[in-house]
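Just protein_21.cif here, mmCIF, C-alpha atoms:
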data_entry
#
loop_
_atom_site.label_atom_id
_atom_site.label_comp_id
_atom_site.auth_asym_id
_atom_site.auth_seq_id
_atom_site.Cartn_x
_atom_site.Cartn_y
_atom_site.Cartn_z
CA VAL Y 1 38.85 -5.71 23.70
CA VAL Y 2 39.77 -8.27 21.02
CA ASN Y 3 42.33 -10.89 22.09
CA PRO Y 4 45.40 -11.42 19.84
CA ASP Y 5 44.22 -14.76 18.40
CA GLU Y 6 40.79 -13.38 17.50
CA ALA Y 7 42.38 -10.22 16.07
CA ALA Y 8 44.57 -12.36 13.81
CA ASN Y 9 41.53 -14.34 12.61
CA ILE Y 10 39.59 -11.14 11.91
CA ARG Y 11 42.51 -9.71 9.92
CA LEU Y 12 42.72 -12.97 7.95
CA MET Y 13 38.98 -12.77 7.23
CA PHE Y 14 39.38 -9.30 5.73
CA GLU Y 15 42.54 -10.25 3.80
CA MET Y 16 40.71 -13.23 2.27
CA TYR Y 17 37.62 -11.25 1.28
CA ALA Y 18 39.76 -8.47 -0.22
CA GLN Y 19 40.76 -10.95 -2.92
CA PRO Y 20 38.45 -10.40 -5.94
CA THR Y 21 37.43 -14.05 -6.38
CA THR Y 22 36.93 -14.93 -2.69
CA SER Y 23 33.30 -15.49 -1.63
CA TYR Y 24 31.53 -15.73 1.73
CA GLY Y 25 31.39 -19.50 1.28
CA ASP Y 26 35.16 -19.74 0.76
CA ILE Y 27 35.76 -17.99 4.08
CA THR Y 28 33.14 -19.81 6.17
CA ARG Y 29 34.34 -23.19 4.85
CA TYR Y 30 37.95 -22.36 5.67
CA PHE Y 31 37.18 -21.33 9.25
CA ALA Y 32 34.94 -24.38 9.76
CA GLU Y 33 37.68 -26.71 8.49
CA GLN Y 34 40.20 -25.06 10.83
CA GLY Y 35 37.80 -25.29 13.78
CA ILE Y 36 37.93 -21.52 14.35
CA LEU Y 37 34.95 -20.16 16.29
CA PHE Y 38 33.71 -16.62 16.92
CA ASN Y 39 32.02 -16.08 20.28
CA GLY Y 40 31.88 -19.85 20.61
CA LYS Y 41 29.99 -20.35 17.34
CA GLU Y 42 30.84 -21.32 13.79
CA LEU Y 43 31.15 -18.43 11.37
CA ILE Y 44 28.09 -18.17 9.11
CA ARG Y 45 27.44 -15.90 6.15
CA PRO Y 46 25.17 -13.32 7.86
CA THR Y 47 27.68 -12.91 10.72
CA LEU Y 48 30.57 -12.67 8.25
CA ALA Y 49 28.78 -9.99 6.21
CA GLN Y 50 28.03 -8.00 9.38
CA MET Y 51 31.65 -8.16 10.53
CA LEU Y 52 33.03 -7.13 7.13
CA ARG Y 53 30.75 -4.07 7.08
CA ASN Y 54 31.59 -2.99 10.61
CA PRO Y 55 34.10 -0.08 10.87
CA VAL Y 56 34.83 -1.06 14.47
CA TYR Y 57 37.83 -3.05 13.14
CA VAL Y 58 39.34 -0.47 10.76
CA GLN Y 59 42.44 1.58 11.48
CA ALA Y 60 40.64 4.76 10.55
CA ASP Y 61 42.78 7.22 8.59
CA LEU Y 62 41.99 10.07 6.18
CA ASP Y 63 41.06 7.59 3.43
CA VAL Y 64 38.36 6.18 5.69
CA TYR Y 65 37.22 9.71 6.55
CA GLU Y 66 36.96 10.63 2.85
CA PHE Y 67 35.11 7.39 2.04
CA PHE Y 68 32.36 7.98 4.60
CA LYS Y 69 32.20 11.68 3.71
CA SER Y 70 31.62 10.74 0.05
CA GLN Y 71 28.73 8.47 1.13
CA GLY Y 72 26.91 11.28 2.94
CA THR Y 73 27.67 9.95 6.43
CA VAL Y 74 27.55 12.42 9.31
CA ILE Y 75 31.08 12.38 10.78
CA VAL Y 76 31.32 13.58 14.38
CA ASN Y 77 35.11 13.91 14.62
CA ASP Y 78 37.38 16.28 12.70
CA ALA Y 79 39.41 14.96 9.76
CA ALA Y 80 42.63 15.59 11.74
CA ASP Y 81 41.50 12.98 14.31
CA PHE Y 82 41.64 10.18 11.71
CA THR Y 83 45.26 9.18 12.31
CA GLY Y 84 45.06 5.47 11.39
CA MET Y 85 44.97 4.31 15.01
CA ASN Y 86 41.39 4.02 16.23
CA GLY Y 87 38.40 2.03 15.08
CA CYS Y 88 34.99 3.62 14.47
CA TYR Y 89 31.40 3.23 15.59
CA LEU Y 90 28.62 3.64 13.03
CA TYR Y 91 25.20 4.61 14.34
CA GLN Y 92 21.96 4.61 12.38
CA GLY Y 93 20.45 8.08 12.67
CA ARG Y 94 16.81 8.56 13.60
CA ASP Y 95 15.99 9.80 10.06
CA VAL Y 96 17.44 6.73 8.33
CA LYS Y 97 14.65 4.49 7.04
CA PRO Y 98 14.92 0.78 7.93
CA SER Y 99 14.82 -0.07 4.21
CA LYS Y 100 17.97 2.05 3.76
CA LYS Y 101 20.04 0.49 6.54
CA ASN Y 102 22.73 -0.55 4.04
CA ASP Y 103 22.93 3.04 2.77
CA LEU Y 104 25.56 5.08 4.66
CA LYS Y 105 23.86 8.41 3.94
CA ASP Y 106 22.77 10.25 7.14
CA GLN Y 107 24.24 7.55 9.40
CA MET Y 108 26.60 8.81 12.12
CA LEU Y 109 30.29 7.87 12.35
CA VAL Y 110 32.34 8.50 15.47
CA LEU Y 111 35.89 7.46 16.35
CA ALA Y 112 36.03 4.76 19.02
CA PRO Y 113 38.41 4.78 22.01
CA HIS Y 114 39.95 1.41 21.03
CA GLU Y 115 42.61 0.77 18.38
CA GLY Y 116 41.64 -0.68 15.01
CA ILE Y 117 43.11 -4.00 13.82
CA VAL Y 118 42.52 -3.97 10.03
CA PRO Y 119 44.56 -1.66 7.75
CA SER Y 120 42.39 0.94 6.05
CA ASP Y 121 43.25 -0.11 2.49
CA ILE Y 122 42.12 -3.70 3.12
CA TRP Y 123 38.98 -2.61 4.99
CA LEU Y 124 38.00 -0.18 2.21
CA THR Y 125 38.58 -2.82 -0.48
CA CYS Y 126 36.20 -5.16 1.38
CA ARG Y 127 33.60 -2.44 2.00
CA LYS Y 128 33.51 -1.40 -1.66
CA LYS Y 129 33.25 -5.06 -2.74
CA LEU Y 130 30.29 -5.47 -0.36
CA MET Y 131 28.62 -2.34 -1.73
CA ASN Y 132 28.97 -3.66 -5.27
CA ASN Y 133 27.47 -7.00 -4.21
CA MET Y 134 24.50 -5.22 -2.61
CA LYS Y 135 23.82 -3.34 -5.86
CA ILE Y 136 23.84 -6.59 -7.80
CA GLN Y 137 21.58 -8.39 -5.29
CA SER Y 138 19.24 -5.53 -4.33
CA ALA Y 139 16.51 -6.66 -6.74
CA ARG Y 140 16.51 -10.26 -5.50
CA LYS Y 141 13.16 -11.50 -4.31
CA ALA Y 142 11.76 -14.89 -3.34
CA THR Y 143 10.49 -16.46 -6.57
CA HIS Y 144 11.03 -20.22 -6.28
CA THR Y 145 8.72 -21.19 -3.41
CA TRP Y 146 6.04 -19.50 -1.33
CA LEU Y 147 7.61 -21.15 1.73
CA ALA Y 148 10.74 -18.96 1.42
CA GLY Y 149 11.82 -17.43 4.71
CA LYS Y 150 9.95 -20.04 6.74
CA ILE Y 151 11.66 -23.33 5.86
CA LYS Y 152 14.56 -24.44 8.04
CA CYS Y 153 16.72 -27.54 8.15
CA GLY Y 154 15.29 -30.03 10.65
CA ASN Y 155 18.82 -30.98 11.73
CA CYS Y 156 20.59 -27.66 12.27
CA GLY Y 157 17.88 -24.98 12.07
CA TYR Y 158 19.53 -23.06 9.22
CA ALA Y 159 17.50 -21.90 6.22
CA LEU Y 160 16.74 -24.20 3.30
CA MET Y 161 17.25 -22.78 -0.18
CA SER Y 162 15.90 -23.79 -3.58
CA ILE Y 163 18.22 -25.64 -5.97
CA PHE Y 164 17.49 -26.89 -9.48
CA ASN Y 165 19.04 -30.16 -10.67
CA PRO Y 166 20.08 -30.69 -14.33
CA SER Y 167 16.65 -32.10 -15.23
CA GLY Y 168 14.95 -28.92 -13.97
CA LYS Y 169 13.50 -30.49 -10.80
CA GLN Y 170 13.46 -28.04 -7.88
CA TYR Y 171 14.51 -29.29 -4.46
CA LEU Y 172 15.72 -27.86 -1.14
CA ARG Y 173 19.21 -27.83 0.36
CA CYS Y 174 20.50 -26.83 3.81
CA THR Y 175 22.46 -23.56 3.59
CA LYS Y 176 24.77 -24.60 6.42
CA ARG Y 177 25.73 -27.76 4.54
CA LEU Y 178 26.29 -25.67 1.41
CA ASP Y 179 28.40 -23.24 3.45
CA ASN Y 180 30.82 -25.56 5.22
CA LYS Y 181 29.47 -29.13 5.25
CA SER Y 182 29.16 -29.10 9.07
CA CYS Y 183 25.51 -30.26 8.90
CA PRO Y 184 24.45 -33.65 7.52
CA GLY Y 185 21.78 -31.81 5.54
CA CYS Y 186 18.02 -32.21 5.21
CA GLY Y 187 18.04 -35.17 2.84
CA LYS Y 188 16.13 -35.16 -0.44
CA ILE Y 189 13.21 -32.74 -0.27
CA ILE Y 190 11.41 -31.91 -3.51
CA THR Y 191 9.99 -28.39 -3.20
CA SER Y 192 6.60 -29.10 -4.80
CA GLU Y 193 6.03 -32.14 -2.57
CA LEU Y 194 6.82 -30.17 0.60
CA GLU Y 195 4.51 -27.36 -0.55
CA ALA Y 196 1.69 -29.86 -1.03
CA VAL Y 197 2.16 -31.31 2.46
CA VAL Y 198 2.34 -27.88 4.10
CA TYR Y 199 -0.80 -26.77 2.25
CA GLN Y 200 -2.69 -29.82 3.58
CA GLN Y 201 -1.49 -29.03 7.12
CA MET Y 202 -2.60 -25.39 6.75
CA VAL Y 203 -6.11 -26.50 5.74
CA LYS Y 204 -6.32 -28.84 8.75
CA LYS Y 205 -4.96 -26.19 11.13
CA LEU Y 206 -7.41 -23.53 10.00
CA ALA Y 207 -10.34 -25.97 10.30
CA SER Y 208 -9.43 -26.78 13.90
CA TYR Y 209 -8.72 -23.12 14.66
CA LYS Y 210 -12.18 -22.00 13.54
CA THR Y 211 -13.89 -24.56 15.82
CA LEU Y 212 -12.24 -23.27 18.99
CA THR Y 213 -14.58 -21.29 21.23
CA GLY Y 214 -14.07 -17.59 21.48
CA ARG Y 215 -12.02 -17.31 18.29
CA LYS Y 216 -14.77 -15.37 16.50
CA LYS Y 217 -14.68 -12.60 19.06
CA ALA Y 218 -12.38 -9.73 18.29
CA ALA Y 219 -9.28 -9.99 20.41
CA LYS Y 220 -9.06 -7.29 23.04
CA ALA Y 221 -5.88 -5.33 23.47
CA ASN Y 222 -3.45 -7.19 25.67
CA PRO Y 223 -2.49 -4.94 28.62
CA LYS Y 224 0.90 -6.66 28.90
CA VAL Y 225 1.67 -5.82 25.29
CA ALA Y 226 0.57 -2.22 25.82
CA ALA Y 227 2.88 -1.86 28.84
CA LEU Y 228 5.82 -3.35 26.91
CA GLN Y 229 5.17 -1.01 23.99
CA VAL Y 230 5.24 1.99 26.35
CA GLU Y 231 8.59 0.83 27.74
CA LEU Y 232 9.89 0.22 24.21
CA ALA Y 233 9.01 3.78 23.21
CA HIS Y 234 10.85 5.05 26.31
CA VAL Y 235 13.95 2.99 25.48
CA ASP Y 236 13.94 4.27 21.87
CA SER Y 237 13.71 7.84 23.18
CA GLU Y 238 16.67 7.30 25.52
CA ILE Y 239 18.77 5.84 22.69
CA GLU Y 240 17.97 8.85 20.48
CA LYS Y 241 19.02 11.25 23.25
CA LEU Y 242 22.32 9.42 23.69
CA VAL Y 243 23.02 9.41 19.95
CA ASP Y 244 22.33 13.16 19.85
CA SER Y 245 24.81 13.68 22.70
CA LEU Y 246 27.65 12.16 20.66
CA THR Y 247 28.20 15.36 18.70
CA GLY Y 248 31.21 17.13 20.17
CA ALA Y 249 31.73 14.51 22.86
CA ASN Y 250 35.22 13.73 24.18
CA ASN Y 251 36.63 10.18 24.39
CA VAL Y 252 35.54 9.67 28.00
CA LEU Y 253 31.95 10.62 27.21
CA LEU Y 254 32.00 8.56 24.01
CA SER Y 255 33.05 5.46 25.93
CA TYR Y 256 30.27 5.99 28.50
CA VAL Y 257 27.61 6.67 25.85
CA ASN Y 258 28.57 3.59 23.84
CA VAL Y 259 28.19 1.36 26.90
CA LYS Y 260 24.78 2.87 27.72
CA ILE Y 261 23.56 2.50 24.14
CA ALA Y 262 24.62 -1.16 24.12
CA GLU Y 263 22.72 -1.75 27.39
CA LEU Y 264 19.60 -0.01 26.08
CA ASP Y 265 19.75 -1.85 22.77
CA GLY Y 266 19.94 -5.15 24.66
CA ARG Y 267 16.80 -4.23 26.58
CA LYS Y 268 15.13 -3.14 23.33
CA GLN Y 269 15.75 -6.56 21.77
CA GLU Y 270 14.31 -8.26 24.87
CA LEU Y 271 11.17 -6.10 24.65
CA LEU Y 272 10.72 -6.76 20.93
CA ALA Y 273 11.07 -10.51 21.49
CA ARG Y 274 8.55 -10.45 24.35
CA ILE Y 275 6.05 -8.38 22.35
CA ALA Y 276 6.38 -10.78 19.41
CA GLU Y 277 5.83 -13.72 21.77
CA LEU Y 278 2.63 -12.20 23.23
CA THR Y 279 1.18 -11.15 19.87
CA VAL Y 280 2.07 -14.24 17.90
CA GLU Y 281 -1.52 -15.47 18.04
CA ALA Y 282 -3.13 -12.09 17.46
CA ILE Y 283 -5.08 -12.92 14.30
CA SER Y 284 -8.45 -11.25 13.71
CA PRO Y 285 -11.71 -12.93 12.61
CA GLU Y 286 -11.48 -10.95 9.37
CA GLN Y 287 -8.06 -12.44 8.67
CA VAL Y 288 -9.37 -15.94 9.42
CA SER Y 289 -12.11 -15.41 6.85
CA GLN Y 290 -9.64 -14.09 4.29
CA ILE Y 291 -7.22 -16.99 4.84
CA SER Y 292 -10.11 -19.46 4.48
CA GLY Y 293 -11.05 -17.93 1.15
CA TYR Y 294 -7.48 -18.17 -0.11
CA LEU Y 295 -7.09 -21.80 0.95
CA ASP Y 296 -10.34 -22.75 -0.78
CA THR Y 297 -9.03 -21.39 -4.10
CA TRP Y 298 -5.30 -22.05 -3.55
CA GLU Y 299 -4.49 -23.01 -7.15
CA ASN Y 300 -5.67 -19.60 -8.36
CA VAL Y 301 -4.01 -17.54 -5.60
CA SER Y 302 -1.01 -15.41 -6.62
CA PHE Y 303 2.50 -16.27 -5.44
CA ASP Y 304 2.71 -13.14 -3.26
CA ASP Y 305 -0.68 -13.80 -1.66
CA LYS Y 306 0.36 -17.36 -0.87
CA ARG Y 307 3.41 -15.96 0.94
CA ARG Y 308 1.16 -13.57 2.91
CA VAL Y 309 -1.10 -16.44 4.00
CA VAL Y 310 1.90 -18.50 5.10
CA ASP Y 311 3.25 -15.53 7.03
CA LEU Y 312 -0.06 -15.10 8.85
CA MET Y 313 -0.29 -18.77 9.81
CA ILE Y 314 3.26 -20.06 10.27
CA THR Y 315 6.34 -19.04 12.25
CA THR Y 316 8.78 -21.69 11.01
CA ILE Y 317 8.84 -25.03 9.18
CA ALA Y 318 11.63 -27.43 10.21
CA ALA Y 319 11.99 -30.15 7.61
CA THR Y 320 14.08 -33.13 6.61
CA SER Y 321 13.27 -35.93 4.19
CA ASP Y 322 11.97 -37.91 7.19
CA SER Y 323 10.29 -35.29 9.39
CA LEU Y 324 8.22 -32.10 9.36
CA ASN Y 325 7.64 -29.80 12.32
CA ILE Y 326 5.51 -26.67 11.81
CA THR Y 327 5.46 -23.92 14.44
CA TRP Y 328 2.12 -22.16 14.09
CA LYS Y 329 1.13 -18.57 14.77
CA ILE Y 330 -2.50 -19.57 15.28
#
Can the structure from this file be put into structure tokens for me?
Amino acid sequence: VVNPDEAANIRLMFEMYAQPTTSYGDITRYFAEQGILFNGKELIRPTLAQMLRNPVYVQADLDVYEFFKSQGTVIVNDAADFTGMNGCYLYQGRDVKPSKKNDLKDQMLVLAPHEGIVPSDIWLTCRKKLMNNMKIQSARKATHTWLAGKIKCGNCGYALMSIFNPSGKQYLRCTKRLDNKSCPGCGKIITSELEAVVYQQMVKKLASYKTLTGRKKAAKANPKVAALQVELAHVDSEIEKLVDSLTGANNVLLSYVNVKIAELDGRKQELLARIAELTVEAISPEQVSQISGYLDTWENVSFDDKRRVVDLMITTIAATSDSLNITWKI
């Protein structure tokens, strides 16, 4: 249940984004300046985007019903149930591919037992604006640095992004500082210089890795990982069964099922995190040999292959102009 103050802030968020010229940055900066937190944390762009997409806040009426119907969404409730009172839950169906998670086709919409807090016309304006933004940005791909996705601000932990100055020099800026100025930033980091330092560290790391005893032996399957994967498959199966049971369910059952799905999804995230933790060093001798070959001819390696090598070796890179901390996978 959303408290009145939070409800007012959420409505304001939607009202601001419904304005054609308002951006994510405008909203996150405003809330940061006002000291408004969500779940005890500053509002950041990914959280904002997730909230704006979520139909849990909408006062779902026939316009909302027709919108989702036009997108190919599977709607559990009858059109007559969309009275402009309740919010909605949107579930990703089992047949929806992960790459299509922003596509509403074949996802499942069900009316929630709680009341919505955002008028349908405002919510729909925001949702359509988001969909248009996704079409514009869908072809975006990392092109400026092969460290993209790995580099974080050493002060706040937020991602660093590439910026070009008027002279054409490429450097890195903290996205949190760009968002709302609540981080002092990472200082002056020239992208090419950081790439050179990271490359040197990768060469050193691989050299020390290859000298460790036992590394040349193929890693045996970790029984702990196998057990966690079995439990993960069971949890996924239980979630699918619950989603299937939503069809034709009454409000009492819907409320129960939603609670159970939330519990199971929490456990699923724990299992995925634990599996990732146990397999983080699972790199084969063949991969070591391949990485070694790439590092020996780094100047001639393609941009995409450089990114693959970094992804095999590195979890994160926390950087400022004065410090560098690399978290390794090997």
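Shell of range 47-60 of chain Y at 6 Å, with only C-alpha atoms counted and residues fewer than 6 places along the chain excluded, is Phe82, Gly84, Met85, Asn86, Gly87, Cys88, Tyr89, Gly116, Ile117, Val118, Pro119 and Ser120 of chain Y.
Our summary of the geometry notes that CA of Lys150 in chain Y is positioned 6.7 Å from CA of Thr315 in chain Y.
Taking CA of Ile151 in chain Y and CA of Ser167 in chain Y as endpoints, the distance between them is 23.4 Å.
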task: Run the PyMOL selection byres ((chain Y and resi 206) around 9) against the file shown and list the residues it catches, as a PyMOL selection string.
output: chain Y and resi 201-205+207-211+288+291-292+313+330
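With distances taken from (27.2, 8.3, 14.1) and restricted to all atoms listed in the file, the residues inside 7 Å are Val74, Ile75, Val76, Tyr89, Leu90, Tyr91, Gln92, Gly93, Gln107, Met108, Leu109 and Val110 of chain Y.
Once the PyMOL selection byres ((chain Y and resi 158) around 10) is applied to this file, the selection holds Ile44, Ile151, Lys152, Cys153, Gly154, Asn155, Cys156, Gly157, Ala159, Leu160, Met161, Cys174, Thr175, Lys176, Arg177, Cys183, Gly185 and Ala318 of chain Y.
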message: One decimal, in Å: what's the spacing between CA of Trp123 in chain Y and CA of Lys260 in chain Y?
response: 27.4 Å
task: Fewer than 2 positions away in the same chain doesn't count, so skip those; otherwise give me all residues within 12 Å of Ser245 in chain Y, counting only C-alpha atoms, as a ChimeraX atom specification.
output: /Y:76,108,110,238-243,247-250,253-254,256-258,260-261
- request: Using the chain letters and residue numbers of this document, give as a PyMOL selection string the residues selected by the PyMOL selection byres ((chain Y and resi 7) around 12).
  value: chain Y and resi 1-6+8-14+38+56-58+115-118
Write out as a PDB file with C-alpha atoms, keeping the file's coordinate frame the residues lying within 10 Å of Ala32 in chain Y, counting all atoms listed in the file and excluding same-chain residues fewer than 6 positions away.
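Written output follows (out-v3.pdb):
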ATOM      1  CA  LYS Y  41      29.990 -20.350  17.340  1.00  0.00           C
ATOM      2  CA  GLU Y  42      30.840 -21.320  13.790  1.00  0.00           C
ATOM      3  CA  LEU Y  43      31.150 -18.430  11.370  1.00  0.00           C
ATOM      4  CA  ILE Y  44      28.090 -18.170   9.110  1.00  0.00           C
ATOM      5  CA  ASP Y 179      28.400 -23.240   3.450  1.00  0.00           C
ATOM      6  CA  ASN Y 180      30.820 -25.560   5.220  1.00  0.00           C
ATOM      7  CA  LYS Y 181      29.470 -29.130   5.250  1.00  0.00           C
ATOM      8  CA  SER Y 182      29.160 -29.100   9.070  1.00  0.00           C
TER       9      SER Y 182
END
- line: Using all atoms listed in the file, the best pick from Y:Lys329, Y:Arg267, Y:Arg45, Y:Arg173 as closest to Val309 in chain Y would be Y:Lys329
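Considering only C-alpha atoms, the residue among Y:Tyr24, Y:Tyr199, Y:Tyr294, Y:Phe31 positioned nearest to Arg308 in chain Y is Y:Tyr294.
Closest approach to Ala262 in chain Y among Y:Leu104, Y:Leu324, Y:Val235, Y:Ala276 is made by Y:Val235 (distances from only C-alpha atoms).
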- line: From the list Y:Cys186, Y:Ala319, Y:Leu312, Y:Val64, the nearest residue to Gln290 in chain Y using all atoms listed in the file is Y:Leu312
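Ranking Y:Leu264, Y:Leu124, Y:Leu37, Y:Val301 by their shortest atom-to-atom distance to Phe68 in chain Y, with all atoms listed in the file included, puts Y:Leu124 first.
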